[in-house]
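Asker: What follows is work_24.cif, made up of mmCIF, C-alpha atoms and all ligand atoms:
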data_coords
loop_
_atom_site.label_atom_id
_atom_site.label_comp_id
_atom_site.auth_asym_id
_atom_site.auth_seq_id
_atom_site.Cartn_x
_atom_site.Cartn_y
_atom_site.Cartn_z
CA MET A 27 6.42 -43.72 -8.58
CA ALA A 28 5.95 -40.33 -6.96
CA ARG A 29 8.99 -38.08 -6.88
CA GLU A 30 10.46 -37.52 -3.42
CA TYR A 31 11.89 -34.26 -2.08
CA ASP A 32 14.38 -34.17 0.78
CA LEU A 33 13.38 -31.95 3.67
CA LYS A 34 14.71 -31.41 7.14
CA PRO A 35 12.50 -33.28 9.59
CA ALA A 36 10.76 -30.91 11.94
CA PRO A 37 12.42 -30.99 15.36
CA SER A 38 8.98 -30.96 16.91
CA ALA A 39 7.59 -33.79 14.77
CA GLY A 40 4.96 -35.60 16.73
CA GLU A 41 3.62 -32.52 18.45
CA ALA A 42 0.10 -31.35 17.81
CA GLY A 43 -0.29 -29.89 14.36
CA VAL A 44 2.91 -31.37 13.03
CA ALA A 45 2.62 -34.37 10.79
CA SER A 46 4.89 -37.30 11.58
CA ILE A 47 6.38 -37.96 8.21
CA SER A 48 9.92 -38.73 7.26
CA SER A 49 12.67 -36.47 5.92
CA SER A 50 11.32 -36.60 2.41
CA ILE A 51 8.02 -35.53 0.97
CA ASN A 52 6.29 -36.17 -2.31
CA ARG A 53 3.51 -34.38 -4.10
CA ARG A 54 0.78 -36.42 -2.48
CA GLN A 55 2.15 -35.91 1.02
CA PHE A 56 2.47 -32.20 0.38
CA LEU A 57 -1.19 -32.02 -0.45
CA ARG A 58 -2.20 -34.26 2.40
CA TYR A 59 -0.16 -32.78 5.20
CA GLY A 60 0.21 -29.19 4.14
CA PHE A 61 4.03 -29.20 4.11
CA ASN A 62 4.00 -29.61 7.86
CA THR A 63 7.50 -31.01 8.15
CA ALA A 64 8.65 -27.56 7.16
CA THR A 65 6.03 -25.58 8.98
CA GLY A 66 7.18 -26.90 12.35
CA VAL A 67 10.31 -24.92 11.68
CA LEU A 68 8.42 -22.05 10.16
CA ALA A 69 6.33 -21.66 13.28
CA ALA A 70 9.48 -21.36 15.36
CA SER A 71 11.06 -18.71 13.20
CA LEU A 72 8.30 -16.51 11.92
CA GLY A 73 6.98 -14.95 15.07
CA VAL A 74 7.96 -11.47 13.99
CA LEU A 75 5.20 -11.53 11.42
CA GLY A 76 2.71 -13.48 13.38
CA PHE A 77 3.12 -16.84 11.76
CA ALA A 78 4.07 -18.38 15.08
CA SER A 79 0.48 -18.54 16.15
CA ILE A 80 -0.81 -20.32 13.11
CA LEU A 81 -2.07 -23.81 13.58
CA LEU A 82 -1.63 -25.46 10.27
CA PRO A 83 -4.26 -28.07 9.74
CA PRO A 84 -3.79 -31.01 7.47
CA GLY A 85 -5.43 -30.56 4.10
CA GLY A 86 -9.18 -30.52 4.44
CA SER A 87 -9.45 -33.50 2.17
CA SER A 88 -7.17 -36.04 0.58
CA GLU A 89 -6.60 -33.46 -2.13
CA GLY A 90 -5.42 -30.85 0.33
CA GLU A 91 -5.84 -27.17 -0.38
CA LEU A 92 -4.21 -25.51 -3.35
CA GLY A 93 -5.93 -22.15 -2.92
CA VAL A 94 -3.79 -19.30 -1.59
CA LYS A 95 -5.12 -17.33 1.38
CA PHE A 96 -4.34 -13.83 2.54
CA TRP A 97 -2.24 -13.64 5.67
CA ALA A 98 -2.49 -10.33 7.54
CA LYS A 99 -2.18 -11.44 11.16
CA GLY A 100 -1.00 -8.53 13.24
CA ARG A 101 -1.49 -6.13 10.33
CA GLU A 102 -5.26 -6.28 10.03
CA ASP A 103 -5.54 -2.51 10.44
CA GLU A 104 -2.78 -1.44 8.07
CA ALA A 105 -2.51 -3.92 5.20
CA TRP A 106 -4.95 -3.35 2.35
CA TYR A 107 -6.00 -6.99 2.69
CA GLY A 108 -6.36 -6.85 6.48
CA ALA A 109 -10.08 -7.54 6.36
CA LYS A 110 -9.43 -10.52 4.09
CA HIS A 111 -7.14 -12.38 6.51
CA GLU A 112 -7.34 -16.13 5.81
CA GLN A 113 -9.74 -15.61 2.92
CA LEU A 114 -8.91 -17.09 -0.46
CA MET A 115 -7.10 -14.70 -2.77
CA THR A 116 -8.73 -13.80 -6.05
CA ARG A 117 -7.13 -12.11 -9.02
CA GLN A 118 -9.73 -9.36 -8.83
CA ASP A 119 -8.52 -8.44 -5.33
CA PHE A 120 -5.12 -7.60 -6.83
CA VAL A 121 -6.49 -5.90 -9.93
CA ASP A 122 -8.57 -3.57 -7.77
CA GLU A 123 -5.63 -2.71 -5.53
CA ALA A 124 -3.24 -2.20 -8.46
CA ALA A 125 -5.65 0.34 -9.93
CA LYS A 126 -4.83 2.58 -6.95
CA SER A 127 -1.08 2.32 -7.55
CA ASN A 128 1.17 4.71 -9.47
CA THR A 129 3.05 1.73 -10.85
CA GLY A 130 0.11 -0.58 -11.56
CA THR A 131 1.27 -3.11 -8.99
CA SER A 132 -0.13 -4.73 -5.89
CA GLY A 133 1.05 -7.43 -3.53
CA ALA A 134 0.08 -9.32 -0.42
CA SER A 135 1.43 -11.86 2.02
CA GLY A 136 -0.29 -15.20 1.95
CA ILE A 137 -0.27 -18.75 3.13
CA TRP A 138 -0.41 -21.67 0.74
CA ASN A 139 -0.84 -25.11 2.20
CA GLY A 140 1.22 -24.05 5.20
CA VAL A 141 3.89 -22.26 3.19
CA PRO A 142 4.43 -18.49 3.52
CA VAL A 143 4.16 -16.79 0.15
CA VAL A 144 3.97 -13.33 -1.37
CA VAL A 145 1.67 -12.79 -4.33
CA THR A 146 2.30 -9.83 -6.60
CA TYR A 147 0.27 -8.42 -9.46
CA VAL A 148 1.86 -6.34 -12.23
CA THR A 149 -0.27 -4.65 -14.88
CA HIS A 150 2.11 -6.10 -17.42
CA SER A 151 -0.04 -6.82 -20.44
CA GLU A 152 -1.45 -3.28 -20.46
CA TYR A 153 1.89 -1.48 -20.19
CA ALA A 154 4.46 -3.83 -21.78
CA ALA A 155 4.43 -1.98 -25.10
CA SER A 156 4.60 1.52 -23.62
CA PRO A 157 7.83 3.38 -22.71
CA THR A 158 9.36 2.31 -19.42
CA SER A 159 9.82 5.98 -18.63
CA ASN A 160 6.14 6.17 -17.70
CA GLY A 161 6.98 4.40 -14.44
CA LYS A 162 4.44 1.65 -15.02
CA ALA A 163 5.83 -1.71 -13.99
CA ARG A 164 6.08 -4.66 -16.32
CA PHE A 165 7.82 -8.02 -16.17
CA GLN A 166 11.35 -8.47 -17.46
CA PHE A 167 12.84 -11.85 -18.27
CA THR A 168 16.60 -12.06 -17.85
CA GLU A 169 19.76 -14.02 -17.25
CA GLY A 170 20.42 -14.97 -13.66
CA VAL A 171 23.57 -15.43 -11.62
CA ASP A 172 24.66 -17.63 -8.74
CA GLU A 173 25.96 -16.33 -5.40
CA THR A 174 29.39 -15.72 -6.94
CA GLY A 175 27.96 -13.58 -9.74
CA LYS A 176 28.49 -16.22 -12.41
CA THR A 177 25.80 -16.30 -15.08
CA ILE A 178 23.93 -19.58 -14.94
CA GLY A 179 21.18 -19.26 -17.52
CA HIS A 180 18.10 -17.40 -18.64
CA PHE A 181 14.62 -17.47 -17.15
CA GLU A 182 13.30 -18.47 -20.56
CA ASP A 183 15.44 -21.60 -20.52
CA LEU A 184 13.08 -22.72 -17.77
CA SER A 185 9.85 -21.18 -19.01
CA ASP A 186 10.37 -22.64 -22.50
CA ALA A 187 10.39 -26.07 -20.88
CA ASP A 188 7.41 -25.26 -18.66
CA PRO A 189 5.34 -22.23 -19.72
CA ARG A 190 3.44 -22.40 -16.43
CA LEU A 191 6.44 -20.59 -14.92
CA LEU A 192 5.51 -17.46 -16.81
CA PRO A 193 3.32 -14.97 -14.97
CA SER A 194 -0.25 -16.19 -14.98
CA ASP A 195 -2.77 -13.41 -15.71
CA ASN A 196 -0.19 -10.83 -14.53
CA LEU A 197 0.32 -12.70 -11.25
CA VAL A 198 3.54 -14.04 -9.73
CA MET A 199 3.66 -15.98 -6.47
CA ILE A 200 6.92 -16.19 -4.57
CA PHE A 201 8.08 -18.55 -1.84
CA GLY A 202 8.25 -16.35 1.23
CA ARG A 203 11.54 -17.28 2.87
CA CYS A 204 14.62 -15.13 2.44
CA THR A 205 17.63 -16.76 0.83
CA HIS A 206 19.83 -15.07 3.43
CA LEU A 207 18.70 -16.55 6.75
CA CYS A 208 15.15 -17.58 6.00
CA CYS A 209 13.11 -14.73 7.46
CA ILE A 210 9.94 -13.78 5.61
CA PRO A 211 10.18 -10.88 3.17
CA GLY A 212 6.96 -9.00 2.60
CA TRP A 213 5.14 -6.55 0.41
CA GLN A 214 5.13 -3.07 1.97
CA LEU A 215 5.65 -4.43 5.47
CA VAL A 216 7.64 -1.30 6.21
CA SER A 217 7.82 2.10 4.56
CA ASN A 218 11.13 3.04 2.96
CA SER A 219 12.55 3.90 -0.45
CA PHE A 220 12.63 0.24 -1.47
CA THR A 221 8.96 -0.35 -0.77
CA GLU A 222 7.51 2.92 -2.03
CA ASP A 223 5.10 2.98 -4.96
CA SER A 224 7.64 3.70 -7.71
CA TRP A 225 9.33 1.54 -10.33
CA THR A 226 12.41 1.65 -12.51
CA PRO A 227 13.34 -1.00 -15.08
CA GLY A 228 16.47 -3.12 -15.10
CA GLY A 229 16.33 -4.93 -11.79
CA GLY A 230 18.63 -2.50 -10.01
CA ASP A 231 18.26 -1.39 -6.45
CA ASP A 232 16.77 1.98 -7.30
CA GLY A 233 13.06 2.52 -7.35
CA GLY A 234 10.54 0.93 -5.05
CA THR A 235 8.09 -1.96 -5.51
CA LYS A 236 10.49 -4.38 -3.84
CA LEU A 237 9.85 -7.22 -1.49
CA PHE A 238 11.74 -6.26 1.64
CA CYS A 239 13.15 -8.57 4.31
CA ILE A 240 13.09 -6.75 7.62
CA CYS A 241 15.71 -8.99 9.26
CA HIS A 242 18.76 -7.63 7.41
CA SER A 243 17.23 -5.49 4.67
CA SER A 244 17.49 -7.70 1.61
CA ARG A 245 15.47 -6.50 -1.38
CA PHE A 246 13.89 -8.53 -4.16
CA ASP A 247 12.34 -7.23 -7.38
CA PRO A 248 9.19 -9.19 -8.28
CA THR A 249 9.15 -7.69 -11.77
CA VAL A 250 12.48 -9.28 -12.81
CA LEU A 251 12.24 -13.00 -13.48
CA GLU A 252 15.50 -14.90 -13.89
CA MET A 253 17.22 -18.22 -13.36
CA ASN A 254 18.69 -18.77 -9.91
CA THR A 255 20.54 -21.51 -8.08
CA ASN A 256 20.52 -22.61 -4.47
CA ARG A 257 21.28 -25.58 -2.26
CA ASN A 258 19.15 -28.18 -0.55
CA ARG A 259 20.32 -27.91 3.05
CA SER A 260 19.39 -31.50 3.84
CA ASN A 261 21.45 -33.25 1.22
CA GLY A 262 23.71 -30.50 -0.17
CA SER A 263 22.51 -30.87 -3.73
CA THR A 264 22.35 -27.76 -5.90
CA PHE A 265 19.29 -26.96 -7.97
CA LYS A 266 18.32 -24.31 -10.47
CA TYR A 267 15.01 -22.54 -10.28
CA ALA A 268 12.92 -19.74 -11.68
CA GLY A 269 13.04 -16.81 -9.31
CA ILE A 270 12.76 -13.10 -8.81
CA ARG A 271 15.94 -11.04 -8.68
CA LYS A 272 17.80 -10.14 -5.52
CA ALA A 273 18.22 -6.38 -5.92
CA GLY A 274 20.22 -5.64 -2.77
CA GLY A 275 21.21 -6.66 0.72
CA PRO A 276 22.95 -9.78 2.05
CA ALA A 277 20.71 -12.38 0.40
CA PRO A 278 22.88 -14.30 -2.08
CA VAL A 279 20.25 -15.06 -4.72
CA GLY A 280 16.62 -14.46 -5.62
CA LEU A 281 13.44 -16.01 -4.30
CA PRO A 282 11.76 -18.99 -5.99
CA ILE A 283 8.60 -18.57 -8.00
CA ILE A 284 5.68 -20.85 -7.25
CA PRO A 285 3.69 -21.16 -10.48
CA VAL A 286 0.00 -20.39 -10.13
CA VAL A 287 -3.19 -21.07 -11.99
CA LEU A 288 -6.63 -19.55 -11.67
CA ASN A 289 -9.53 -21.71 -10.57
CA GLY A 290 -12.34 -19.41 -11.58
CA ASP A 291 -10.81 -16.26 -10.11
CA VAL A 292 -9.19 -17.97 -7.10
CA ILE A 293 -5.39 -18.16 -7.14
CA GLU A 294 -4.01 -21.67 -6.72
CA GLY A 295 -0.41 -22.84 -6.48
CA ILE A 296 1.07 -25.65 -8.55
CA VAL A 297 3.00 -28.20 -6.48
CA ASP A 298 5.46 -29.46 -9.08
CA TYR A 299 8.57 -27.67 -7.80
CA LEU A 300 8.83 -28.61 -4.12
CA ASP A 301 12.60 -29.08 -4.31
CA TRP A 302 12.90 -25.31 -4.82
CA TYR A 303 11.82 -24.69 -1.22
CA THR A 304 14.46 -26.77 0.54
CA TYR A 305 17.17 -24.19 1.23
CA CYS A 306 15.98 -23.35 4.74
CA ASP A 307 16.46 -25.66 7.71
S1 LIG B 401 17.10 -13.14 6.59
FE1 LIG B 401 16.46 -11.76 5.04
S2 LIG B 401 18.03 -10.32 4.93
FE2 LIG B 401 18.71 -11.71 6.44
#
In structure tokens, how does this file's structure come out?
Answerer:
Amino acid sequence: MAREYDLKPAPSAGEAGVASISSSINRRQFLRYGFNTATGVLAASLGVLGFASILLPPGGSSEGELGVKFWAKGREDEAWYGAKHEQLMTRQDFVDEAAKSNTGTSGASGIWNGVPVVVTYVTHSEYAASPTSNGKARFQFTEGVDETGKTIGHFEDLSDADPRLLPSDNLVMIFGRCTHLCCIPGWQLVSNSFTEDSWTPGGGDDGGTKLFCICHSSRFDPTVLEMNTNRNRSNGSTFKYAGIRKAGGPAPVGLPIIPVVLNGDVIEGIVDYLDWYTYCD
């Protein structure tokens, strides 16, 4: 029997574009309805970045859509992927952009089956064996802590059980809702010291290359992968997940990773960890 995931029912369930499904969702429903129980809430809260205007269609077929699309609404003229708005993301898009970066990184906001995401590329395999002092970013796999600072486990405890959680072809996709109050952090949405094209190892708050949440300035380091813990707001249960590190600001913990796979060169998300996205109302 398909596994069920508890979600808050959308307050606007029944309105156009919002699927009328119950307070739980399974893998098949996710594919079919594009996570619309959550997106009813997303649409109400994401206006600052233009998500409010999105009409999220049900999946185009019974299999839904696993491909990740660029989302640059309102930033078509400034984001490097502005001309690619709503086009499927390919790995080559990120490789080409990272080649222009001092740190060998690139990132973009996206939409995946109705879910806001941020995809980042790190030229990890090329630079992992070179000194970190060269400023070239690479992934680090570490212990993680809960909101009290207590160590809860290592990223590799999770990736050993499911290697798909490791970066795929230097790519990491992140669920795009802040663990503070559920705004949408982004890649270089604003220009400041946290988002500049620089990198320092260790997952501290120095250096740039952070995802930045403009609501209350939380910062997340997409190069530091760790274990995190959070709470399902519908049923109060606590879950552990693979995430990227919270480097600073009021967010209590890091952001969940959505494992990806390449279909040809198109980036697709894997839908096996839906319970990781249940901490927002
Ligand atoms: S919602 Fe992101 S910092 Fe408050």
Asker: Within 10 Å of ligand LIG 401 (chain B), counting all atoms listed in the file: which residues, as a list of chain:residue names?
Answerer: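 With all atoms listed in the file and a cut-off of 10 Å, ligand LIG 401 (chain B) is contacted by A:Arg203, A:Cys204, A:Thr205, A:His206, A:Leu207, A:Cys208, A:Cys209, A:Ile210, A:Pro211, A:Phe238, A:Cys239, A:Ile240, A:Cys241, A:His242, A:Ser243, A:Ser244, A:Arg245, A:Gly274, A:Gly275, A:Pro276, A:Ala277, A:Pro278.
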Asker: Restricting the output to C-alpha atoms, write the selected residues as a short mmCIF file (atom, residue, chain, number, x, y, z; two decimals), in the frame of the given file.
Answerer:
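For reference, part37.cif as written:
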data_model
loop_
_atom_site.label_atom_id
_atom_site.label_comp_id
_atom_site.auth_asym_id
_atom_site.auth_seq_id
_atom_site.Cartn_x
_atom_site.Cartn_y
_atom_site.Cartn_z
CA ARG A 203 11.54 -17.28 2.87
CA CYS A 204 14.62 -15.13 2.44
CA THR A 205 17.63 -16.76 0.83
CA HIS A 206 19.83 -15.07 3.43
CA LEU A 207 18.70 -16.55 6.75
CA CYS A 208 15.15 -17.58 6.00
CA CYS A 209 13.11 -14.73 7.46
CA ILE A 210 9.94 -13.78 5.61
CA PRO A 211 10.18 -10.88 3.17
CA PHE A 238 11.74 -6.26 1.64
CA CYS A 239 13.15 -8.57 4.31
CA ILE A 240 13.09 -6.75 7.62
CA CYS A 241 15.71 -8.99 9.26
CA HIS A 242 18.76 -7.63 7.41
CA SER A 243 17.23 -5.49 4.67
CA SER A 244 17.49 -7.70 1.61
CA ARG A 245 15.47 -6.50 -1.38
CA GLY A 274 20.22 -5.64 -2.77
CA GLY A 275 21.21 -6.66 0.72
CA PRO A 276 22.95 -9.78 2.05
CA ALA A 277 20.71 -12.38 0.40
CA PRO A 278 22.88 -14.30 -2.08
#
Asker: In Å, how far is it from atom CA of A:Asp247 to atom CA of A:Asn261?
Answerer: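 A separation of 28.9 Å between them.
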Asker: Find, counting all atoms listed in the file, the residue in A:Arg101, A:His150, A:Arg117, A:His180 that gets nearest to A:Gly269.
Answerer: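 Residue with the minimum atom-to-atom distance to A:Gly269: A:His180.
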Asker: Report as a PDB file with C-alpha atoms, in the coordinates of the input all protein, DNA and RNA residues lying within 9 Å of stretch 183-190 of chain A, evaluated on all atoms listed in the file, omitting residues in the same chain fewer than 6 positions from it.
Answerer:
ATOM      1  CA  MET A 253      17.220 -18.220 -13.360  1.00  0.00           C
ATOM      2  CA  TYR A 267      15.010 -22.540 -10.280  1.00  0.00           C
ATOM      3  CA  ALA A 268      12.920 -19.740 -11.680  1.00  0.00           C
ATOM      4  CA  PRO A 285       3.690 -21.160 -10.480  1.00  0.00           C
ATOM      5  CA  VAL A 286       0.000 -20.390 -10.130  1.00  0.00           C
ATOM      6  CA  VAL A 287      -3.190 -21.070 -11.990  1.00  0.00           C
ATOM      7  CA  ILE A 296       1.070 -25.650  -8.550  1.00  0.00           C
TER       8      ILE A 296
END
Asker: For a quick check of your reading of the model, name the residues lying within 8 Å of the coordinate (-4.4, -8.9, 3.3), counting all atoms listed in the file, and write them as number ranges by chain.
Answerer: A: 96-98, 102, 105-111, 134-136
Asker: Extract, using all atoms listed in the file, all DNA, RNA and protein residues at most 10 Å from A:Gly230, discarding same-chain residues fewer than 4 positions from it, and format them as a PyMOL selection string.
Answerer: chain A and resi 226+246-247+250+271-274
Asker: Restricting the calculation to all atoms listed in the file, which member of A:Asn256, A:Asn289, A:Ser263, A:Ser194 is positioned closest to A:Tyr305?
Answerer: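 Counting all atoms listed in the file, the residue closest to A:Tyr305 is A:Asn256.
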Asker: So that I can check the surroundings of A:Ser127, please list as a compact mmCIF listing (two decimals) with C-alpha atoms, in the frame of the given file every protein, DNA and RNA residue that reaches within 12 Å of it, counting only C-alpha atoms and ignoring chain neighbours fewer than 3 positions away.
Answerer:
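Saved file out03.txt follows:
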# COMPACT_ATOMS: atom_id res chain seq x y z
CA PHE A 120 -5.12 -7.60 -6.83
CA VAL A 121 -6.49 -5.90 -9.93
CA ASP A 122 -8.57 -3.57 -7.77
CA GLU A 123 -5.63 -2.71 -5.53
CA ALA A 124 -3.24 -2.20 -8.46
CA GLY A 130 0.11 -0.58 -11.56
CA THR A 131 1.27 -3.11 -8.99
CA SER A 132 -0.13 -4.73 -5.89
CA GLY A 133 1.05 -7.43 -3.53
CA TYR A 147 0.27 -8.42 -9.46
CA VAL A 148 1.86 -6.34 -12.23
CA THR A 149 -0.27 -4.65 -14.88
CA GLY A 161 6.98 4.40 -14.44
CA LYS A 162 4.44 1.65 -15.02
CA ALA A 163 5.83 -1.71 -13.99
CA GLU A 222 7.51 2.92 -2.03
CA ASP A 223 5.10 2.98 -4.96
CA SER A 224 7.64 3.70 -7.71
CA TRP A 225 9.33 1.54 -10.33
CA GLY A 234 10.54 0.93 -5.05
CA THR A 235 8.09 -1.96 -5.51
Asker: Counting all atoms listed in the file, which residue out of A:Asn128, A:Ser159, A:Thr174, A:Asn196 sits closest to A:Thr249?
Answerer: A:Asn196
Asker: Pick out the closest residue to A:Ile200 from this set: A:Tyr153, A:Phe167, A:Phe181, A:Trp138. Count all atoms listed in the file.
Answerer: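 Going through A:Tyr153, A:Phe167, A:Phe181, A:Trp138 one by one, the smallest distance to A:Ile200 is for A:Trp138.
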Asker: Kindly indicate which residue among A:Lys176, A:Pro193, A:Gly140, A:Gly170 lies nearest to A:Glu91, using all atoms listed in the file for the distances.
Answerer: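 Between A:Lys176, A:Pro193, A:Gly140, A:Gly170, the residue approaching A:Glu91 most closely is A:Gly140.
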Asker: For the atom pair atom CA of A:Gly175 and atom CA of A:Leu251, what is the interatomic distance in Å to one decimal place?
Answerer: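 Answer for the atom CA of A:Gly175 to atom CA of A:Leu251 separation: 16.2 Å.
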Asker: What does the distance between atom CA of A:Glu294 and atom CA of A:Met199 come to in Å, to one decimal place?
Answerer: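 Between these atoms lies a distance of 9.6 Å.
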Asker: What residues have an atom no more than 7 Å from (16.6, 3.9, -4.7) in the file's own frame, counting all atoms listed in the file, and can you write them as number ranges by chain?
Answerer: A: 219-220, 231-234
Asker: From the list A:Leu197, A:Ala155, A:Leu92, A:Val279, which residue is nearest A:Asp172 when using only C-alpha atoms?
Answerer: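 When distances to A:Asp172 are compared using only C-alpha atoms, the smallest one comes from A:Val279.
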Asker: Dump stretch 160-218 of chain A with C-alpha atoms to a file, as a tab-separated table (two decimals), in the first residue's frame.
Answerer:
chain	number	residue	atom	x	y	z
A	160	ASN	CA	41.86	28.39	-3.70
A	161	GLY	CA	38.32	29.55	-2.98
A	162	LYS	CA	36.76	26.93	-5.23
A	163	ALA	CA	33.66	25.47	-3.65
A	164	ARG	CA	33.20	21.79	-2.98
A	165	PHE	CA	30.71	19.75	-0.98
A	166	GLN	CA	31.32	18.93	2.66
A	167	PHE	CA	29.49	16.16	4.49
A	168	THR	CA	29.06	16.75	8.21
A	169	GLU	CA	27.26	16.16	11.47
A	170	GLY	CA	24.05	18.10	11.92
A	171	VAL	CA	22.30	19.59	14.93
A	172	ASP	CA	18.71	20.21	15.96
A	173	GLU	CA	17.30	23.62	16.88
A	174	THR	CA	18.83	23.35	20.37
A	175	GLY	CA	22.31	22.71	18.98
A	176	LYS	CA	22.32	19.04	19.94
A	177	THR	CA	24.13	16.79	17.48
A	178	ILE	CA	21.69	14.39	15.88
A	179	GLY	CA	23.73	12.46	13.33
A	180	HIS	CA	25.83	12.63	10.21
A	181	PHE	CA	24.71	13.23	6.64
A	182	GLU	CA	26.40	9.98	5.68
A	183	ASP	CA	24.15	8.06	8.06
A	184	LEU	CA	21.41	8.94	5.60
A	185	SER	CA	23.37	8.77	2.36
A	186	ASP	CA	24.79	5.35	3.27
A	187	ALA	CA	21.21	4.10	3.45
A	188	ASP	CA	20.22	5.90	0.25
A	189	PRO	CA	23.11	7.03	-1.98
A	190	ARG	CA	20.66	9.01	-4.12
A	191	LEU	CA	20.90	11.69	-1.40
A	192	LEU	CA	24.45	12.43	-2.44
A	193	PRO	CA	24.92	15.23	-4.97
A	194	SER	CA	24.05	13.96	-8.41
A	195	ASP	CA	26.52	15.09	-11.08
A	196	ASN	CA	27.53	18.02	-8.83
A	197	LEU	CA	23.90	19.10	-8.43
A	198	VAL	CA	21.89	19.59	-5.24
A	199	MET	CA	18.22	20.56	-5.22
A	200	ILE	CA	16.74	22.13	-2.10
A	201	PHE	CA	13.15	22.54	-0.98
A	202	GLY	CA	12.55	26.26	-1.23
A	203	ARG	CA	10.75	27.15	1.99
A	204	CYS	CA	12.59	28.70	4.90
A	205	THR	CA	12.58	26.77	8.16
A	206	HIS	CA	11.95	30.04	9.99
A	207	LEU	CA	8.56	31.22	8.74
A	208	CYS	CA	8.35	29.56	5.35
A	209	CYS	CA	9.34	32.35	2.97
A	210	ILE	CA	11.31	31.34	-0.11
A	211	PRO	CA	15.08	31.68	0.08
A	212	GLY	CA	16.80	32.22	-3.23
A	213	TRP	CA	20.08	32.18	-5.07
A	214	GLN	CA	21.46	35.71	-5.49
A	215	LEU	CA	18.02	37.29	-5.13
A	216	VAL	CA	19.74	40.23	-3.48
A	217	SER	CA	23.31	41.46	-3.45
A	218	ASN	CA	25.12	41.37	-0.12
